[in-house]
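**Student:** Sharing start24.cif, mmCIF, C-alpha atoms and all ligand atoms:
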```
data_run
#
loop_
_atom_site.label_atom_id
_atom_site.label_comp_id
_atom_site.auth_asym_id
_atom_site.auth_seq_id
_atom_site.Cartn_x
_atom_site.Cartn_y
_atom_site.Cartn_z
CA MET A 11 -92.49 24.98 122.14
CA SER A 12 -93.94 22.48 124.56
CA LYS A 13 -96.32 23.86 127.05
CA GLU A 14 -96.74 22.98 130.71
CA LEU A 15 -99.74 20.71 131.31
CA ILE A 16 -99.49 19.35 134.85
CA ARG A 17 -97.76 20.74 137.89
CA LEU A 18 -97.24 19.28 141.34
CA SER A 19 -96.45 22.12 143.69
CA ASP A 20 -94.88 21.25 147.04
CA CYS A 21 -96.87 18.04 147.36
CA VAL A 22 -96.54 16.15 150.61
CA MET A 23 -98.19 12.80 151.34
CA ALA A 24 -98.06 11.71 154.95
CA TYR A 25 -99.59 8.73 156.69
CA ASP A 26 -99.61 7.92 160.40
CA ASP A 27 -96.37 6.03 160.06
CA GLY A 28 -94.48 8.64 158.12
CA VAL A 29 -93.95 10.91 155.17
CA VAL A 30 -94.23 9.09 151.84
CA LEU A 31 -93.82 12.08 149.52
CA ASP A 32 -91.59 14.86 150.75
CA HIS A 33 -92.26 18.20 149.03
CA ILE A 34 -92.53 17.05 145.44
CA ASN A 35 -92.18 19.81 142.84
CA LEU A 36 -92.58 18.71 139.27
CA TYR A 37 -94.08 19.89 136.01
CA ILE A 38 -94.99 17.84 132.98
CA ASN A 39 -95.23 19.29 129.49
CA ASP A 40 -97.91 18.56 126.92
CA LYS A 41 -96.98 15.55 124.71
CA GLU A 42 -94.03 14.67 126.92
CA PHE A 43 -93.01 11.11 127.82
CA LEU A 44 -92.04 11.48 131.45
CA THR A 45 -90.94 8.57 133.62
CA LEU A 46 -90.94 8.30 137.41
CA LEU A 47 -88.03 5.99 138.19
CA GLY A 48 -86.92 4.62 141.54
CA PRO A 49 -86.72 1.58 143.78
CA SER A 50 -89.80 -0.09 145.21
CA GLY A 51 -91.43 2.01 147.92
CA CYS A 52 -89.94 5.36 146.84
CA GLY A 53 -93.35 6.92 146.14
CA LYS A 54 -93.89 6.47 142.39
CA THR A 55 -97.39 5.00 142.58
CA THR A 56 -98.42 7.54 145.20
CA THR A 57 -97.32 10.37 142.89
CA LEU A 58 -99.22 8.84 139.98
CA ARG A 59 -102.36 8.40 142.08
CA ILE A 60 -102.23 12.04 143.10
CA ILE A 61 -102.07 13.05 139.42
CA GLY A 62 -104.92 10.65 138.60
CA GLY A 63 -107.06 12.04 141.40
CA PHE A 64 -107.30 8.78 143.37
CA LEU A 65 -105.40 10.35 146.27
CA SER A 66 -105.41 13.84 147.67
CA PRO A 67 -102.05 15.18 148.88
CA THR A 68 -101.75 15.97 152.59
CA SER A 69 -100.53 19.39 151.54
CA GLY A 70 -99.55 21.03 148.27
CA ASP A 71 -101.37 21.64 145.02
CA VAL A 72 -101.99 19.89 141.74
CA PHE A 73 -102.55 21.98 138.61
CA PHE A 74 -103.86 20.95 135.21
CA ASP A 75 -103.49 23.53 132.46
CA GLY A 76 -102.98 26.16 135.15
CA VAL A 77 -106.16 25.27 137.06
CA ARG A 78 -105.94 23.82 140.58
CA ILE A 79 -107.52 20.36 140.49
CA ASN A 80 -106.95 19.04 144.02
CA ASP A 81 -110.68 18.49 144.44
CA VAL A 82 -111.53 17.25 140.96
CA PRO A 83 -112.45 13.52 140.99
CA PRO A 84 -110.64 11.07 138.68
CA HIS A 85 -113.41 10.72 136.08
CA LYS A 86 -113.50 14.49 135.59
CA ARG A 87 -109.77 14.72 134.87
CA ALA A 88 -108.51 14.42 131.27
CA VAL A 89 -106.37 11.56 132.51
CA ASN A 90 -106.61 7.79 132.16
CA THR A 91 -104.62 5.02 133.84
CA VAL A 92 -103.17 1.68 132.73
CA PHE A 93 -102.31 -0.55 135.67
CA GLN A 94 -99.86 -3.41 135.85
CA LYS A 95 -102.74 -5.82 136.43
CA TYR A 96 -104.77 -4.79 133.46
CA ALA A 97 -108.17 -5.81 134.86
CA LEU A 98 -109.82 -6.60 131.53
CA PHE A 99 -113.33 -8.04 131.53
CA PRO A 100 -112.79 -11.78 130.99
CA HIS A 101 -116.32 -12.42 129.73
CA LEU A 102 -116.14 -9.74 127.01
CA ASN A 103 -114.26 -10.01 123.74
CA VAL A 104 -111.54 -7.62 122.61
CA PHE A 105 -113.92 -5.21 120.87
CA GLU A 106 -116.27 -4.97 123.87
CA ASN A 107 -113.40 -4.48 126.30
CA VAL A 108 -112.18 -1.48 124.33
CA ALA A 109 -115.72 -0.18 123.67
CA PHE A 110 -116.73 -0.40 127.32
CA GLY A 111 -115.84 3.16 128.30
CA LEU A 112 -117.43 4.60 125.16
CA ARG A 113 -120.82 3.02 125.93
CA ILE A 114 -121.18 4.89 129.19
CA PRO A 115 -123.30 8.02 128.60
CA ARG A 116 -121.38 11.19 129.32
CA THR A 117 -122.64 14.26 131.10
CA GLN A 118 -122.18 17.33 128.98
CA THR A 119 -122.72 20.89 130.12
CA VAL A 120 -123.94 23.48 127.65
CA GLU A 121 -124.39 27.20 128.12
CA GLN A 122 -127.76 28.46 126.91
CA GLY A 123 -128.15 32.17 127.39
CA LYS A 124 -127.75 32.67 131.14
CA LYS A 125 -128.50 29.07 131.99
CA THR A 126 -126.10 26.11 132.20
CA LEU A 127 -127.79 22.89 131.14
CA THR A 128 -126.44 19.41 131.69
CA ARG A 129 -127.44 16.54 129.50
CA LYS A 130 -126.47 12.93 128.91
CA VAL A 131 -124.92 12.18 125.56
CA LYS A 132 -124.38 8.77 124.00
CA LEU A 133 -122.07 7.98 121.12
CA SER A 134 -123.67 6.41 118.07
CA LYS A 135 -123.03 2.75 117.27
CA GLN A 136 -121.08 3.76 114.20
CA GLU A 137 -118.89 6.17 116.11
CA ILE A 138 -118.13 3.58 118.79
CA HIS A 139 -117.27 1.07 116.08
CA ASP A 140 -114.98 3.49 114.27
CA ARG A 141 -113.16 4.59 117.39
CA VAL A 142 -112.61 1.05 118.65
CA MET A 143 -111.33 -0.11 115.26
CA GLU A 144 -109.04 2.90 115.03
CA MET A 145 -107.55 2.09 118.45
CA LEU A 146 -107.16 -1.62 117.65
CA GLU A 147 -105.20 -0.58 114.62
CA VAL A 148 -102.97 1.70 116.70
CA VAL A 149 -102.11 -1.13 119.10
CA ASN A 150 -101.66 -3.66 116.26
CA LEU A 151 -104.67 -5.81 117.14
CA LYS A 152 -106.66 -5.44 113.93
CA GLY A 153 -108.46 -8.70 113.24
CA PHE A 154 -108.58 -9.63 116.94
CA GLU A 155 -111.84 -7.85 117.76
CA LYS A 156 -113.94 -11.02 118.21
CA ARG A 157 -111.33 -12.92 120.24
CA PRO A 158 -112.14 -13.72 123.85
CA ILE A 159 -109.69 -12.15 126.30
CA SER A 160 -108.74 -15.61 127.57
CA ALA A 161 -107.36 -16.50 124.11
CA LEU A 162 -104.81 -13.66 124.16
CA SER A 163 -101.19 -13.70 125.24
CA GLY A 164 -99.99 -11.42 128.04
CA GLY A 165 -98.62 -8.91 125.54
CA GLN A 166 -101.87 -8.85 123.58
CA GLN A 167 -103.89 -8.35 126.76
CA GLN A 168 -101.67 -5.42 127.64
CA ARG A 169 -102.36 -3.91 124.22
CA VAL A 170 -106.10 -4.24 124.83
CA ALA A 171 -105.67 -2.44 128.15
CA ILE A 172 -103.81 0.37 126.40
CA ALA A 173 -106.42 0.63 123.65
CA ARG A 174 -109.16 0.75 126.28
CA ALA A 175 -107.39 3.57 128.12
CA LEU A 176 -106.72 5.56 124.93
CA VAL A 177 -110.11 5.19 123.28
CA ASN A 178 -111.55 7.94 125.48
CA ARG A 179 -108.89 10.28 124.07
CA PRO A 180 -107.37 11.39 127.36
CA LYS A 181 -104.83 14.18 127.21
CA VAL A 182 -102.66 12.25 129.62
CA LEU A 183 -102.09 8.53 130.07
CA LEU A 184 -100.74 7.30 133.41
CA LEU A 185 -98.97 3.95 133.22
CA ASP A 186 -97.96 2.17 136.44
CA GLU A 187 -95.33 -0.49 135.65
CA PRO A 188 -97.50 -1.65 132.74
CA LEU A 189 -94.92 -4.10 131.40
CA GLY A 190 -94.01 -5.64 134.75
CA ALA A 191 -95.81 -8.91 134.07
CA LEU A 192 -94.24 -9.51 130.65
CA ASP A 193 -91.09 -11.45 129.90
CA MET A 194 -87.90 -9.66 128.83
CA ARG A 195 -88.28 -10.03 125.07
CA LEU A 196 -91.90 -8.91 125.03
CA ARG A 197 -91.07 -6.00 127.33
CA LYS A 198 -88.59 -4.66 124.80
CA ASP A 199 -91.10 -4.96 121.97
CA MET A 200 -93.80 -3.26 124.01
CA GLN A 201 -91.41 -0.45 125.02
CA ASN A 202 -90.99 0.40 121.35
CA GLU A 203 -94.73 0.03 120.74
CA LEU A 204 -95.64 2.36 123.59
CA LYS A 205 -93.19 4.98 122.44
CA ARG A 206 -94.60 4.78 118.92
CA ILE A 207 -98.21 5.04 120.16
CA GLN A 208 -97.35 8.01 122.35
CA GLN A 209 -95.73 9.86 119.45
CA GLU A 210 -98.39 8.88 116.93
CA MET A 211 -101.25 10.04 119.14
CA GLY A 212 -99.46 13.06 120.59
CA ILE A 213 -100.50 12.20 124.14
CA THR A 214 -98.64 12.96 127.37
CA PHE A 215 -97.42 9.75 129.01
CA ILE A 216 -96.50 9.60 132.69
CA TYR A 217 -94.83 6.27 133.13
CA VAL A 218 -93.76 4.51 136.32
CA THR A 219 -90.99 1.92 136.42
CA HIS A 220 -88.20 0.66 138.67
CA ASP A 221 -86.28 -0.49 135.57
CA GLN A 222 -83.60 2.05 134.66
CA GLU A 223 -82.97 0.63 131.19
CA GLU A 224 -86.64 0.96 130.38
CA ALA A 225 -86.69 4.54 131.64
CA LEU A 226 -83.63 5.54 129.59
CA ALA A 227 -84.94 3.87 126.44
CA MET A 228 -88.41 5.40 126.41
CA SER A 229 -88.44 8.78 128.09
CA ASP A 230 -88.03 12.41 127.12
CA THR A 231 -87.64 13.21 130.82
CA VAL A 232 -86.71 10.97 133.72
CA VAL A 233 -87.55 11.81 137.34
CA VAL A 234 -85.35 9.78 139.70
CA MET A 235 -86.94 9.28 143.12
CA ASP A 236 -85.80 7.78 146.40
CA GLN A 237 -87.37 7.87 149.86
CA GLY A 238 -90.21 10.12 148.79
CA LYS A 239 -87.91 12.76 147.34
CA ILE A 240 -87.00 13.72 143.81
CA GLN A 241 -83.27 13.14 143.44
CA GLN A 242 -82.89 14.43 139.89
CA ILE A 243 -84.95 15.46 136.87
CA GLY A 244 -83.42 15.42 133.40
CA THR A 245 -83.15 13.85 129.99
CA PRO A 246 -81.86 10.25 129.94
CA GLU A 247 -78.49 11.61 128.78
CA ASP A 248 -78.37 14.16 131.63
CA ILE A 249 -79.02 11.70 134.37
CA TYR A 250 -76.61 9.14 132.95
CA ASN A 251 -73.79 11.57 132.20
CA GLU A 252 -74.31 14.09 134.97
CA PRO A 253 -75.80 12.27 137.97
CA LYS A 254 -76.49 14.66 140.86
CA ASN A 255 -75.49 12.33 143.66
CA ALA A 256 -74.22 8.83 144.45
CA PHE A 257 -77.75 7.43 144.57
CA VAL A 258 -78.53 8.48 141.00
CA ALA A 259 -75.10 7.41 139.76
CA ASP A 260 -75.55 3.97 141.28
CA PHE A 261 -79.19 3.50 140.28
CA ILE A 262 -78.63 4.51 136.65
CA GLY A 263 -76.15 2.11 135.12
CA GLU A 264 -72.95 0.79 136.63
CA SER A 265 -70.69 3.25 138.46
CA ASN A 266 -67.45 3.23 140.34
CA ILE A 267 -67.91 5.90 143.02
CA ILE A 268 -64.76 6.98 144.78
CA ASP A 269 -63.92 9.56 147.43
CA GLY A 270 -62.09 12.51 145.96
CA ILE A 271 -60.91 16.01 146.81
CA MET A 272 -61.43 18.91 144.45
CA ARG A 273 -58.06 20.64 144.31
CA ALA A 274 -58.98 23.31 141.75
CA ASP A 275 -61.34 23.84 138.84
CA GLY A 276 -60.69 20.90 136.53
CA VAL A 277 -58.46 19.00 138.97
CA VAL A 278 -59.69 16.26 141.28
CA GLU A 279 -57.58 14.06 143.50
CA ILE A 280 -58.34 10.32 143.85
CA PHE A 281 -56.08 7.95 145.82
CA ASN A 282 -53.67 10.87 146.32
CA ARG A 283 -53.22 11.38 142.58
CA LYS A 284 -54.45 14.31 140.59
CA PHE A 285 -56.73 13.75 137.61
CA ALA A 286 -57.85 16.27 135.00
CA CYS A 287 -61.63 16.58 134.81
CA LEU A 288 -64.17 18.99 133.32
CA ASP A 289 -65.93 19.89 136.58
CA LYS A 290 -65.77 23.38 138.02
CA GLY A 291 -67.27 25.54 140.72
CA PHE A 292 -66.42 23.51 143.82
CA GLU A 293 -64.65 24.93 146.88
CA GLN A 294 -60.92 24.42 146.90
CA ASP A 295 -60.15 21.11 148.70
CA GLU A 296 -63.84 20.24 148.93
CA PRO A 297 -64.40 16.50 149.57
CA VAL A 298 -66.47 15.09 146.69
CA ASP A 299 -67.80 11.85 145.22
CA VAL A 300 -66.23 10.94 141.89
CA VAL A 301 -68.11 8.74 139.40
CA ILE A 302 -66.21 6.78 136.80
CA ARG A 303 -68.29 4.65 134.46
CA PRO A 304 -66.91 1.16 133.72
CA GLU A 305 -66.76 1.87 129.98
CA ASP A 306 -64.74 5.07 130.43
CA VAL A 307 -61.63 3.37 131.80
CA ASP A 308 -58.79 2.46 129.39
CA ILE A 309 -56.52 -0.41 130.32
CA VAL A 310 -52.84 0.28 129.56
CA ASP A 311 -49.48 -1.20 130.56
CA GLU A 312 -48.92 -1.12 134.28
CA GLN A 313 -46.07 1.38 133.96
CA ALA A 314 -48.12 3.78 131.82
CA GLY A 315 -51.17 3.83 134.11
CA GLN A 316 -52.50 6.77 136.09
CA LEU A 317 -53.44 4.09 138.64
CA ARG A 318 -52.18 0.53 138.92
CA GLY A 319 -54.07 -2.43 140.21
CA THR A 320 -54.57 -6.18 140.17
CA VAL A 321 -57.30 -8.00 138.27
CA THR A 322 -59.40 -10.06 140.67
CA SER A 323 -62.15 -11.39 138.42
CA VAL A 324 -63.10 -11.52 134.75
CA THR A 325 -66.51 -12.35 133.33
CA PHE A 326 -67.17 -12.58 129.59
CA LYS A 327 -70.32 -10.64 128.70
CA GLY A 328 -70.51 -11.13 124.95
CA VAL A 329 -69.50 -7.66 123.82
CA HIS A 330 -67.00 -6.98 126.60
CA TYR A 331 -65.39 -8.42 129.72
CA ASP A 332 -66.56 -7.30 133.14
CA THR A 333 -63.17 -6.97 134.76
CA ILE A 334 -62.87 -6.27 138.48
CA VAL A 335 -59.65 -4.54 139.43
CA ASP A 336 -58.37 -3.96 142.94
CA PHE A 337 -56.85 -0.52 143.46
CA TYR A 338 -55.45 -0.31 146.97
CA GLY A 339 -58.33 -2.33 148.39
CA PHE A 340 -61.09 -0.55 146.46
CA LYS A 341 -62.56 -2.64 143.68
CA TRP A 342 -63.60 -1.10 140.38
CA LEU A 343 -65.67 -2.53 137.58
CA ILE A 344 -64.09 -1.97 134.18
CA GLN A 345 -65.81 -2.98 130.96
CA THR A 346 -63.25 -3.65 128.30
CA THR A 347 -62.73 -5.64 125.13
CA ASP A 348 -59.13 -6.33 126.26
CA TYR A 349 -58.81 -9.63 128.07
CA CYS A 350 -56.71 -9.32 131.23
CA PRO A 351 -56.39 -12.55 133.21
CA VAL A 352 -57.00 -12.77 136.94
CA ASP A 353 -53.94 -11.76 138.99
CA SER A 354 -52.41 -9.70 136.18
CA ARG A 355 -51.15 -6.22 137.05
CA ILE A 356 -52.60 -3.45 134.88
CA GLY A 357 -52.53 0.30 134.55
CA ILE A 358 -55.53 2.49 133.73
CA LYS A 359 -56.07 5.85 132.10
CA ILE A 360 -59.17 8.01 132.31
CA ASP A 361 -59.86 10.93 130.00
CA PRO A 362 -61.07 14.15 131.64
CA ASP A 363 -64.59 13.64 130.26
CA GLY A 364 -64.72 10.16 131.79
CA ILE A 365 -64.59 11.66 135.27
CA HIS A 366 -67.69 13.16 136.82
CA VAL A 367 -67.53 15.01 140.15
CA MET A 368 -70.55 15.20 142.50
CA LYS A 369 -71.29 16.95 145.76
CA LYS A 370 -71.16 14.82 148.89
CA SER A 371 -74.66 13.76 150.00
CA GLN A 372 -76.44 11.47 152.43
CA TYR A 373 -75.71 8.72 149.89
CA SER A 374 -71.92 9.15 150.01
CA GLY A 375 -70.06 5.98 150.91
CA LEU A 376 -73.09 3.73 150.36
CA PHE A 377 -72.57 2.80 146.73
CA GLY A 378 -70.06 2.30 143.99
CA ASP A 379 -67.64 -0.34 145.25
CA TYR A 380 -67.55 -3.67 143.45
CA SER A 381 -66.04 -5.80 146.18
CA SER A 382 -69.00 -8.15 146.24
CA TYR A 383 -68.17 -9.15 142.66
CA SER A 384 -64.95 -10.67 143.91
CA GLU A 385 -64.15 -13.73 145.97
CA GLU A 386 -61.61 -11.74 147.97
CA TYR A 387 -64.39 -10.10 149.90
CA ASP A 388 -62.37 -10.04 153.11
CA GLU A 389 -59.98 -7.44 151.82
CA ILE A 390 -62.39 -4.52 151.60
CA GLY A 391 -61.41 -3.29 155.03
CA ASP A 392 -58.04 -2.44 153.56
CA ALA A 393 -59.12 0.87 152.04
CA ASP A 394 -56.89 3.26 154.01
CA PHE A 395 -54.36 3.62 151.30
CA VAL A 396 -51.25 5.73 151.45
CA PRO A 397 -49.37 5.53 148.16
CA ASP A 398 -45.77 4.51 148.37
CA GLU A 399 -43.10 6.54 146.62
CA GLU A 400 -42.51 4.08 143.82
CA GLU A 401 -46.15 3.85 142.74
CA GLY A 402 -46.88 7.50 143.30
CA SER A 403 -44.10 8.87 141.16
CA GLY A 404 -44.42 10.07 137.64
CA HIS A 405 -48.19 9.88 137.36
CA GLU A 406 -49.32 13.20 138.72
CA GLU A 407 -51.04 15.48 136.29
N1 LIG B 1 -102.30 3.96 152.38
C1 LIG B 1 -101.05 3.95 152.83
N2 LIG B 1 -100.80 4.03 154.16
C2 LIG B 1 -99.54 4.03 154.64
N3 LIG B 1 -98.45 3.94 153.87
C3 LIG B 1 -98.63 3.84 152.54
C4 LIG B 1 -99.92 3.84 151.95
N4 LIG B 1 -99.78 3.74 150.62
C5 LIG B 1 -98.45 3.68 150.38
N5 LIG B 1 -97.75 3.73 151.53
C6 LIG B 1 -96.29 3.70 151.67
O1 LIG B 1 -95.77 4.72 150.86
C7 LIG B 1 -94.51 4.36 150.33
C8 LIG B 1 -94.50 4.60 148.84
O2 LIG B 1 -95.40 3.72 148.23
P1 LIG B 1 -95.60 3.68 146.65
O3 LIG B 1 -95.95 5.03 146.18
O4 LIG B 1 -96.57 2.60 146.37
O5 LIG B 1 -94.15 3.29 146.16
P2 LIG B 1 -93.66 2.74 144.74
O6 LIG B 1 -94.79 2.80 143.77
O7 LIG B 1 -92.53 3.65 144.38
O8 LIG B 1 -93.18 1.35 144.98
C9 LIG B 1 -94.29 2.92 150.73
O9 LIG B 1 -93.41 2.90 151.82
C10 LIG B 1 -95.66 2.44 151.12
O10 LIG B 1 -95.57 1.43 152.08
MG MG B 2 -95.72 1.25 142.70
#
```
Would you encode the structure as structure tokens?
Ligand SMILES: Nc1ncnc2c1ncn2[C@@H]1O[C@H](COP(=O)(O)OP(=O)(O)O)[C@@H](O)[C@H]1O
Ligand SMILES: [Mg+2]
**Tutor:**
Amino acid sequence: MSKELIRLSDCVMAYDDGVVLDHINLYINDKEFLTLLGPSGCGKTTTLRIIGGFLSPTSGDVFFDGVRINDVPPHKRAVNTVFQKYALFPHLNVFENVAFGLRIPRTQTVEQGKKTLTRKVKLSKQEIHDRVMEMLEVVNLKGFEKRPISALSGGQQQRVAIARALVNRPKVLLLDEPLGALDMRLRKDMQNELKRIQQEMGITFIYVTHDQEEALAMSDTVVVMDQGKIQQIGTPEDIYNEPKNAFVADFIGESNIIDGIMRADGVVEIFNRKFACLDKGFEQDEPVDVVIRPEDVDIVDEQAGQLRGTVTSVTFKGVHYDTIVDFYGFKWLIQTTDYCPVDSRIGIKIDPDGIHVMKKSQYSGLFGDYSSYSEEYDEIGDADFVPDEEEGSGHEE
């Protein structure tokens, strides 16, 4: 079983102009790959800096292995950081950049009888050599040890930065948007590399990104943040399939988010029509937000549809078409391999497990409409829909 390694307990960070972290409660297990995900300014770096010891929370506690470490300085924490700007030493070669931290004598405390002695210890030349070479192998830079930093690509420099951070054998590596400077292709390669390194070395990674795809691809656990608050913590599958609120649903992947009313366990009403769903435990007639993912909508003949609408735009995406469909003034994104031309009338069906019901929140009404995809932007005001008899008949559950 994984064991808890780090805990943030009720951490608040406040500056003169406001609260930046609002009662953060979070634990991180040993050997876990945990990602802090959220838009710019939501508090990811601040959280990471508190864990690294570069910042002290205004209130709240930080624990490492059960011990409160609020007052422990960064270099005494079993934690190392890789920044987006890797800050390598340009005048040193690859080997010396990685060896740098190992050459600094360490203070060691030893108990001798009743006395505690401190002494400086230095690693031997051989040991430094072996550890650097081992790390260069881990990051796939064997043979590069004599290269000057200036002769490396961005991806190779990032690997050096990672080797330098890992060579001290931290228990935890903090990574703040470490792939932000790399192009798309290299990012993907490095995502796989980082995941492999983390698993191979059995180290806890706390990773910061604003890129949801990156977070889903790499993490054991994703922490979604907005406005200094944790919005949801879960596995990538949890937060994709069971978003807690409209913010998470919108931030993670594409989502149609529609007003609904929970009529009973397993029955939600959208656009005055009842749909079977798997959600339970809401009040009867509770207003809710309903998420429908673009890939969970089946296009059928107009007459056979649970809802009927008009296609307003189609974009070919390689694997599927992004098809925008107007339902009574509300525009949905549907991803389908069926080509439906603009202006065609279509019906849709949604299986119960394609519908996800969420509590109303401060984010309700802000996200989840795809009107801006369409040229007929003017029509969004037209959302007060009352179904007419003809369209409403025969499609109730
Ligand atoms: N020293 C500071 N003084 C005042 N505000 C700060 C300070 N550092 C960060 N902030 C604010 O805290 C918020 C969160 O910042 P940050 O943690 O860097 O966000 P993220 O890494 O998610 O982009 C931002 O609004 C930022 O402007
Ligand atoms: Mg940041």
**Student:** Chain A near ligand MG 2 (chain B) within 12 Å: what's each residue's closest atom pair and its distance in Å to one decimal, counting all atoms listed in the file, ordered by chain then ascending residue number, as CSV?
**Tutor:**
```
residue,atom,partner,partner_atom,distance
A:Leu46,CA,B:MG2,MG,10.0
A:Leu47,CA,B:MG2,MG,10.1
A:Gly48,CA,B:MG2,MG,9.5
A:Pro49,CA,B:MG2,MG,9.1
A:Ser50,CA,B:MG2,MG,6.6
A:Gly51,CA,B:MG2,MG,6.8
A:Cys52,CA,B:MG2,MG,8.2
A:Gly53,CA,B:MG2,MG,7.0
A:Lys54,CA,B:MG2,MG,5.5
A:Thr55,CA,B:MG2,MG,4.1
A:Thr56,CA,B:MG2,MG,7.3
A:Thr57,CA,B:MG2,MG,9.3
A:Leu58,CA,B:MG2,MG,8.8
A:Arg59,CA,B:MG2,MG,9.8
A:Phe93,CA,B:MG2,MG,9.8
A:Gln94,CA,B:MG2,MG,9.3
A:Lys95,CA,B:MG2,MG,11.8
A:Leu185,CA,B:MG2,MG,10.4
A:Asp186,CA,B:MG2,MG,6.7
A:Glu187,CA,B:MG2,MG,7.3
A:Pro188,CA,B:MG2,MG,10.5
A:Gly190,CA,B:MG2,MG,10.7
A:Tyr217,CA,B:MG2,MG,10.8
A:Val218,CA,B:MG2,MG,7.4
A:Thr219,CA,B:MG2,MG,7.9
A:His220,CA,B:MG2,MG,8.6
A:Asp221,CA,B:MG2,MG,12.0
A:Met235,CA,B:MG2,MG,11.9
```
**Student:** Can you work out which one of A:Ser229, A:Gln316, A:Gln237, A:Asn80 has the shortest atom-to-atom distance to ligand LIG 1 (chain B), counting all atoms listed in the file?
**Tutor:**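 Ranked by minimum distance to ligand LIG 1 (chain B), first place goes to A:Gln237.
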**Student:** Could you tell me how far CA of Lys290 (chain A) lies from CA of Gln242 (chain A), in Å and to one decimal?
**Tutor:**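 Computing it gives 19.4 Å between the two atoms.
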**Student:** CA of Leu65 (chain A) and CA of Ala109 (chain A), how far apart in Å?
**Tutor:**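 Atom-to-atom, CA of Ala109 (chain A) and CA of Leu65 (chain A) are spaced 27.0 Å apart.
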**Student:** What separation in Å, quoted to one decimal, exists between CA of Gln201 (chain A) and CA of Lys156 (chain A)?
**Tutor:**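 Interatomic distance here is 25.8 Å.
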**Student:** Which polymer residues, protein or nucleic acid, are no farther than 10 Å from (-68.2, 16.1, 147.5), counting all atoms listed in the file, as a VMD selection string?
**Tutor:** chain A and resid 255 to 256 269 to 272 292 to 293 295 to 300 367 to 371 374
**Student:** Export C-alpha atoms of the chosen residues as an mmCIF file, in the coordinates of the input?
**Tutor:**
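selection_4.cif was written with the following content:
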```cif
data_model
loop_
_atom_site.group_PDB
_atom_site.id
_atom_site.type_symbol
_atom_site.label_atom_id
_atom_site.label_comp_id
_atom_site.auth_asym_id
_atom_site.auth_seq_id
_atom_site.Cartn_x
_atom_site.Cartn_y
_atom_site.Cartn_z
ATOM 1 C CA ASN A 255 -75.490 12.330 143.660
ATOM 2 C CA ALA A 256 -74.220 8.830 144.450
ATOM 3 C CA ASP A 269 -63.920 9.560 147.430
ATOM 4 C CA GLY A 270 -62.090 12.510 145.960
ATOM 5 C CA ILE A 271 -60.910 16.010 146.810
ATOM 6 C CA MET A 272 -61.430 18.910 144.450
ATOM 7 C CA PHE A 292 -66.420 23.510 143.820
ATOM 8 C CA GLU A 293 -64.650 24.930 146.880
ATOM 9 C CA ASP A 295 -60.150 21.110 148.700
ATOM 10 C CA GLU A 296 -63.840 20.240 148.930
ATOM 11 C CA PRO A 297 -64.400 16.500 149.570
ATOM 12 C CA VAL A 298 -66.470 15.090 146.690
ATOM 13 C CA ASP A 299 -67.800 11.850 145.220
ATOM 14 C CA VAL A 300 -66.230 10.940 141.890
ATOM 15 C CA VAL A 367 -67.530 15.010 140.150
ATOM 16 C CA MET A 368 -70.550 15.200 142.500
ATOM 17 C CA LYS A 369 -71.290 16.950 145.760
ATOM 18 C CA LYS A 370 -71.160 14.820 148.890
ATOM 19 C CA SER A 371 -74.660 13.760 150.000
ATOM 20 C CA SER A 374 -71.920 9.150 150.010
#
```
